[in-house]
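Just below is one structure, and these are the notes that go with it.
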Amino acid sequence: MIKYLGSKRALAPALGALASASGARTALDLFTGSTRVAQEFKRRGIHTTAADIATYSAVLAQCFIATDARTVDRTRLAEVLDHLNTLPGRPGYVTATFCEQARYFQPHNGARIDAIRNELAQHFVADPLLPILLTSLLLAADRVDSTAGMQQAYLKSWSRRSYNALELREPELLSGTGESVLGDAGDVVEAMEAVDLAYLDPPYNQHRYFTNYHIWETLIRWDSPEHYGIACKRIDARDPASKSIFNKKREMPSAFTDLLRRTKAQALVVSYNDEAWISPEQMLTALHETGHDDVTVMEFDHERYVGARIGIYSPRGVKVGQVTRVRNVEYLYVAGLTDDQLAQARREYASGRSSVDTRRPGGALSMRGVETGGSATRP
């Protein structure tokens, strides 16, 4: 998968265990991002809907969630990938913008990205393989970029991987069914039918994925936008329409509480961390107001993303701050599962992973509970 801030790679086994223990046959991953959690659900035979407001995320979901691997013509896919891999580079928008004005990719790879993306735009727009091919291109570009994992800035010196040649590979497709939905979370929950389980992983702060991954947005839209700043961000990032209420500190808590109330699901799982804008007490209150008397909180202690260690430098390499914190506590709030189902999920998780701190709050605002999974450890 692509390098992605907020990816739930470490939490996916626990989330999958909870989904299986709940007996869910349908699930919604409402802020799906890289689709990592949606893939975990689908891998377990759950019909999953992956939703996000980002265009690149919708394409990833079309590839990994909506595509049934059993229906793909693998022979033709391999032939098309071979064809794309043999195309000579032709410098265009990516080369000029992200290799010369900025330094996200080395020019030899930028020219290849330009050539391949133009080929897809000219000859594959109506092809059912398009989401797979676009995903392959995103993954290939991610393997040769020169960033710390976000596109708000690029490294002062070229990364080692940036010297490698761009290579398209077949994505790891999954058998089974699912759906990809492009849209605002509030609109999605309003339009969707009830599901057995809904997973919500909202933004934790003011930083928008529209700007964190603006290059992926441009590669998918292929619209050669005007840009601004050293990072060459899309000019429409300044448009209020591209800004989410979930990135606004004052408005986010009430907006998310309202979203929880309108999400139609038998079981709800929310991930949030100890640096975010909603306190544990507020989150518990919001979940209780959805009609769930019992909410279980699981704590996962882990290292912060790499940018927390190297993000004290400006894009020009100037030191602008000090590292202050290198670890987080990630919370999973689980509502709608019985004690037996929670115990089943813990057994599955513990069979292959370390134990986690699991608490059953005594009241709407209480974090008091009984240790049932051992002390908090890195999952």
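Numbering starts fresh at 1 for the residues of each chain in the structure tokens, the chains themselves are lettered A, B, ... in the order given, and ligands are numbered from 1 as they appear.
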**OP:** Would you kindly return, as a PyMOL selection string, each protein, DNA or RNA residue with an atom no farther than 6 Å from any atom of region 342-354 of chain A, considering only C-alpha atoms and excluding same-chain residues fewer than 5 positions away?
**Re:** chain A and resi 14+17-18+21+379
Original post:
Where does DSSP see strand (DSSP E or B) in region 72-319 of chain A, if you list the residues as a ChimeraX atom specification?
Top reply: /A:178-182,195-200,227-228,233-234,265-273,295-303,313,319
For the residues in the current selection, export N, CA, C and O atoms as a short mmCIF file (atom, residue, chain, number, x, y, z; two decimals), in the first residue's frame.
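To be explicit, this is the file written out as result12.cif:
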data_model
loop_
_atom_site.label_atom_id
_atom_site.label_comp_id
_atom_site.auth_asym_id
_atom_site.auth_seq_id
_atom_site.Cartn_x
_atom_site.Cartn_y
_atom_site.Cartn_z
N GLY A 178 -17.75 -5.67 -3.04
CA GLY A 178 -17.72 -4.44 -2.27
C GLY A 178 -18.08 -3.27 -3.16
O GLY A 178 -18.36 -3.44 -4.35
N GLU A 179 -18.07 -2.09 -2.58
CA GLU A 179 -18.44 -0.89 -3.32
C GLU A 179 -17.50 0.25 -2.99
O GLU A 179 -16.96 0.32 -1.88
N SER A 180 -17.34 1.16 -3.95
CA SER A 180 -16.58 2.38 -3.75
C SER A 180 -17.54 3.55 -3.89
O SER A 180 -18.29 3.64 -4.86
N VAL A 181 -17.52 4.46 -2.89
CA VAL A 181 -18.39 5.63 -2.92
C VAL A 181 -17.54 6.88 -2.76
O VAL A 181 -16.76 6.99 -1.80
N LEU A 182 -17.68 7.82 -3.69
CA LEU A 182 -17.00 9.10 -3.62
C LEU A 182 -17.98 10.13 -3.09
O LEU A 182 -19.02 10.39 -3.69
N VAL A 195 -26.08 -0.88 7.72
CA VAL A 195 -25.08 -1.94 7.61
C VAL A 195 -24.94 -2.61 8.98
O VAL A 195 -25.38 -2.08 10.01
N ASP A 196 -24.30 -3.77 8.98
CA ASP A 196 -24.09 -4.47 10.24
C ASP A 196 -23.05 -3.76 11.11
O ASP A 196 -23.18 -3.70 12.33
N LEU A 197 -22.00 -3.25 10.46
CA LEU A 197 -20.91 -2.61 11.19
C LEU A 197 -20.42 -1.40 10.43
O LEU A 197 -20.22 -1.47 9.21
N ALA A 198 -20.22 -0.30 11.12
CA ALA A 198 -19.65 0.91 10.52
C ALA A 198 -18.37 1.27 11.26
O ALA A 198 -18.34 1.27 12.50
N TYR A 199 -17.33 1.56 10.50
CA TYR A 199 -16.06 1.98 11.06
C TYR A 199 -15.79 3.42 10.64
O TYR A 199 -15.84 3.75 9.46
N LEU A 200 -15.51 4.28 11.62
CA LEU A 200 -15.27 5.69 11.37
C LEU A 200 -13.89 6.08 11.87
O LEU A 200 -13.56 5.88 13.05
N HIS A 227 -0.98 25.84 -9.62
CA HIS A 227 -0.50 25.45 -8.29
C HIS A 227 0.18 26.62 -7.62
O HIS A 227 0.40 27.68 -8.24
N TYR A 228 0.50 26.45 -6.35
CA TYR A 228 1.10 27.54 -5.59
C TYR A 228 2.09 26.98 -4.58
O TYR A 228 2.03 25.81 -4.17
N LYS A 233 1.16 22.86 -4.55
CA LYS A 233 -0.17 22.33 -4.24
C LYS A 233 -1.19 22.85 -5.25
O LYS A 233 -1.04 23.94 -5.80
N ARG A 234 -2.21 22.07 -5.46
CA ARG A 234 -3.29 22.46 -6.36
C ARG A 234 -3.92 23.78 -5.92
O ARG A 234 -4.16 23.99 -4.73
N ALA A 265 -26.13 1.69 11.68
CA ALA A 265 -25.34 0.46 11.83
C ALA A 265 -25.66 -0.18 13.16
O ALA A 265 -25.90 0.50 14.16
N GLN A 266 -25.65 -1.50 13.17
CA GLN A 266 -25.89 -2.23 14.41
C GLN A 266 -24.71 -2.07 15.36
O GLN A 266 -24.89 -1.96 16.57
N ALA A 267 -23.51 -2.08 14.82
CA ALA A 267 -22.30 -1.92 15.63
C ALA A 267 -21.48 -0.76 15.07
O ALA A 267 -21.43 -0.55 13.86
N LEU A 268 -20.87 0.00 15.96
CA LEU A 268 -20.04 1.13 15.57
C LEU A 268 -18.64 0.95 16.16
O LEU A 268 -18.49 0.58 17.34
N VAL A 269 -17.63 1.23 15.35
CA VAL A 269 -16.25 1.26 15.83
C VAL A 269 -15.64 2.57 15.37
O VAL A 269 -15.70 2.91 14.19
N VAL A 270 -15.06 3.30 16.30
CA VAL A 270 -14.44 4.59 16.00
C VAL A 270 -12.99 4.55 16.44
O VAL A 270 -12.69 4.10 17.56
N SER A 271 -12.08 5.00 15.59
CA SER A 271 -10.68 5.13 16.00
C SER A 271 -10.34 6.61 16.14
O SER A 271 -10.75 7.43 15.33
N TYR A 272 -9.61 6.91 17.19
CA TYR A 272 -9.22 8.28 17.48
C TYR A 272 -8.01 8.22 18.39
O TYR A 272 -7.75 7.18 19.02
N ASN A 273 -7.22 9.31 18.48
CA ASN A 273 -6.05 9.22 19.36
C ASN A 273 -6.00 10.34 20.38
O ASN A 273 -6.86 11.21 20.43
N VAL A 295 -20.05 0.84 25.96
CA VAL A 295 -19.00 1.16 24.99
C VAL A 295 -17.68 0.67 25.56
O VAL A 295 -17.33 0.97 26.71
N THR A 296 -16.96 -0.12 24.79
CA THR A 296 -15.66 -0.61 25.20
C THR A 296 -14.57 0.23 24.53
O THR A 296 -14.68 0.56 23.35
N VAL A 297 -13.54 0.56 25.29
CA VAL A 297 -12.43 1.35 24.77
C VAL A 297 -11.17 0.50 24.79
O VAL A 297 -10.81 -0.06 25.82
N MET A 298 -10.53 0.40 23.66
CA MET A 298 -9.26 -0.31 23.55
C MET A 298 -8.15 0.71 23.30
O MET A 298 -8.31 1.62 22.50
N GLU A 299 -7.03 0.54 23.99
CA GLU A 299 -5.92 1.46 23.86
C GLU A 299 -4.73 0.77 23.21
O GLU A 299 -4.37 -0.34 23.59
N PHE A 300 -4.13 1.45 22.25
CA PHE A 300 -2.97 0.93 21.55
C PHE A 300 -1.87 1.99 21.61
O PHE A 300 -2.00 3.07 21.03
N ASP A 301 -0.80 1.69 22.30
CA ASP A 301 0.33 2.60 22.38
C ASP A 301 1.29 2.30 21.23
O ASP A 301 1.64 1.14 20.98
N HIS A 302 1.69 3.33 20.48
CA HIS A 302 2.57 3.08 19.34
C HIS A 302 3.39 4.32 19.02
O HIS A 302 3.12 5.43 19.50
N GLU A 303 4.41 4.14 18.18
CA GLU A 303 5.25 5.26 17.76
C GLU A 303 4.48 6.17 16.82
O GLU A 303 3.66 5.71 16.03
N TYR A 313 12.00 20.34 10.28
CA TYR A 313 12.72 21.07 9.26
C TYR A 313 11.76 21.62 8.22
O TYR A 313 10.77 20.98 7.86
N LYS A 319 16.10 24.14 10.19
CA LYS A 319 15.52 23.64 11.43
C LYS A 319 14.57 24.67 12.02
O LYS A 319 14.95 25.82 12.24
#
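The residue set within 8 Å of Leu138 (chain A), counting only C-alpha atoms and dropping same-chain residues fewer than 3 places from it, reads A:Ile2, A:Leu134, A:Thr135, A:Ala141, A:Asp142, A:Trp216, A:Leu219.
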**OP:** Using DSSP on the backbone, list every residue of region 76-196 of chain A that comes out as helix (DSSP H, G or I), and give them as number ranges by chain.
**Re:** A: 76-85, 93-101, 107-123, 130-143, 160-163, 185-191
Output file for the selection above: C-alpha atoms, as an mmCIF file, in the first residue's frame:
data_model
loop_
_atom_site.group_PDB
_atom_site.id
_atom_site.type_symbol
_atom_site.label_atom_id
_atom_site.label_comp_id
_atom_site.auth_asym_id
_atom_site.auth_seq_id
_atom_site.Cartn_x
_atom_site.Cartn_y
_atom_site.Cartn_z
ATOM 1 C CA ARG A 76 -4.810 -9.122 -20.448
ATOM 2 C CA LEU A 77 -3.886 -7.175 -17.302
ATOM 3 C CA ALA A 78 -0.327 -8.506 -17.488
ATOM 4 C CA GLU A 79 -0.131 -7.602 -21.177
ATOM 5 C CA VAL A 80 -1.310 -4.036 -20.549
ATOM 6 C CA LEU A 81 1.109 -3.566 -17.654
ATOM 7 C CA ASP A 82 3.952 -4.841 -19.850
ATOM 8 C CA HIS A 83 2.932 -2.360 -22.542
ATOM 9 C CA LEU A 84 2.842 0.554 -20.097
ATOM 10 C CA ASN A 85 6.200 -0.418 -18.623
ATOM 11 C CA TYR A 93 2.959 18.328 -16.354
ATOM 12 C CA VAL A 94 4.370 15.940 -13.729
ATOM 13 C CA THR A 95 7.949 16.448 -14.871
ATOM 14 C CA ALA A 96 7.656 20.241 -15.018
ATOM 15 C CA THR A 97 5.732 20.588 -11.754
ATOM 16 C CA PHE A 98 6.863 17.785 -9.455
ATOM 17 C CA CYS A 99 10.412 17.177 -10.724
ATOM 18 C CA GLU A 100 11.704 20.576 -11.829
ATOM 19 C CA GLN A 101 9.741 23.204 -9.882
ATOM 20 C CA PRO A 107 12.940 13.677 -13.881
ATOM 21 C CA HIS A 108 13.467 10.257 -15.479
ATOM 22 C CA ASN A 109 10.574 8.884 -13.420
ATOM 23 C CA GLY A 110 8.446 11.983 -13.852
ATOM 24 C CA ALA A 111 8.656 11.639 -17.619
ATOM 25 C CA ARG A 112 7.564 8.000 -17.352
ATOM 26 C CA ILE A 113 4.618 8.971 -15.136
ATOM 27 C CA ASP A 114 3.598 11.586 -17.728
ATOM 28 C CA ALA A 115 3.801 9.082 -20.585
ATOM 29 C CA ILE A 116 1.870 6.337 -18.789
ATOM 30 C CA ARG A 117 -0.851 8.653 -17.485
ATOM 31 C CA ASN A 118 -1.357 10.164 -20.942
ATOM 32 C CA GLU A 119 -1.644 6.673 -22.421
ATOM 33 C CA LEU A 120 -4.337 5.784 -19.900
ATOM 34 C CA ALA A 121 -6.213 9.016 -20.628
ATOM 35 C CA GLN A 122 -6.115 8.431 -24.381
ATOM 36 C CA HIS A 123 -6.843 4.713 -24.647
ATOM 37 C CA LEU A 130 -8.654 1.497 -15.556
ATOM 38 C CA PRO A 131 -8.978 1.572 -11.710
ATOM 39 C CA ILE A 132 -6.430 -1.245 -11.454
ATOM 40 C CA LEU A 133 -4.035 0.482 -13.850
ATOM 41 C CA LEU A 134 -4.355 3.836 -12.083
ATOM 42 C CA THR A 135 -3.749 2.145 -8.746
ATOM 43 C CA SER A 136 -0.700 0.411 -10.163
ATOM 44 C CA LEU A 137 0.626 3.797 -11.299
ATOM 45 C CA LEU A 138 0.010 5.378 -7.875
ATOM 46 C CA LEU A 139 1.802 2.523 -6.128
ATOM 47 C CA ALA A 140 4.695 2.686 -8.598
ATOM 48 C CA ALA A 141 5.075 6.444 -8.128
ATOM 49 C CA ASP A 142 4.943 6.026 -4.350
ATOM 50 C CA ARG A 143 7.833 3.566 -4.499
ATOM 51 C CA ARG A 160 17.568 6.429 -2.252
ATOM 52 C CA ARG A 161 14.380 4.991 -3.699
ATOM 53 C CA SER A 162 13.959 7.959 -6.037
ATOM 54 C CA TYR A 163 16.860 6.678 -8.151
ATOM 55 C CA ALA A 185 -19.247 11.475 4.891
ATOM 56 C CA GLY A 186 -22.483 13.223 5.859
ATOM 57 C CA ASP A 187 -23.984 12.699 2.432
ATOM 58 C CA VAL A 188 -22.858 9.078 2.335
ATOM 59 C CA VAL A 189 -24.501 8.059 5.621
ATOM 60 C CA GLU A 190 -27.693 9.838 4.593
ATOM 61 C CA ALA A 191 -27.931 7.914 1.334
#
**OP:** Have a look at A:Gly89, A:Trp222, A:Glu217, A:Arg74 and name the one nearest to Leu60 (chain A); count only C-alpha atoms.
**Re:**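 That would be A:Glu217, the residue with the smallest distance to Leu60 (chain A).
For the atom pair formed by CA of Ala165 (chain A) and CA of Tyr56 (chain A), the distance is 22.7 Å, given to one decimal.
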Subject >> Near-Phe64 (chain A) list (7 Å; only C-alpha atoms; drop same-chain fewer than 4 positions) as number ranges by chain >> reply: A: 39, 60, 173-174
Those selected residues, please, written with N, CA and C atoms and delivered as a tab-separated table (two decimals), in the first residue's frame.
chain	number	residue	atom	x	y	z
A	39	GLN	N	-10.07	-3.27	3.16
A	39	GLN	CA	-9.50	-4.51	2.62
A	39	GLN	C	-9.53	-5.62	3.66
A	60	LEU	N	-8.67	3.90	-5.46
A	60	LEU	CA	-8.10	2.79	-4.70
A	60	LEU	C	-9.21	1.82	-4.27
A	173	LEU	N	-5.03	-7.94	-5.68
A	173	LEU	CA	-6.49	-7.87	-5.72
A	173	LEU	C	-7.11	-8.92	-4.81
A	174	LEU	N	-8.32	-8.62	-4.33
A	174	LEU	CA	-9.02	-9.50	-3.41
A	174	LEU	C	-10.27	-10.08	-4.05
**OP:** Check the smallest atom-to-atom distance from each of A:Ile235, A:Ile65, A:Ala148, A:Leu87 to Glu167 (chain A) using only C-alpha atoms, then report the winner.
**Re:**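 With only C-alpha atoms as the atom set, the closest residue is A:Leu87.
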**OP:** Tell me which of A:Gln62, A:Ser146, A:Gln152, A:Thr257 sits closest to Cys232 (chain A), counting only C-alpha atoms.
**Re:** A:Gln152
Subject >> Option closest in space to Ala153 (chain A), from A:His288, A:Tyr213, A:Ile53, A:Glu172 [counting only C-alpha atoms] >> reply: A:Tyr213
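Look at region 275-278 of chain A: the protein and nucleic acid residues within 9 Å of it, using only C-alpha atoms and passing over chain neighbours fewer than 3 places away, are Pro203, Tyr204, Asn205, Lys249, Arg250, Met252, Pro253, Tyr272, Glu281, Gln282, Met283, Asn328 and Val329 of chain A.
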Original post:
In Å to one decimal, how far is CA of Asn247 (chain A) from CA of Thr290 (chain A)?
Top reply: 22.6 Å
Original post:
Using only C-alpha atoms, which of the listed residues (A:Gly23, A:Ala61, A:His214, A:Asp223) sits closest to Ala237 (chain A)?
Top reply: A:His214
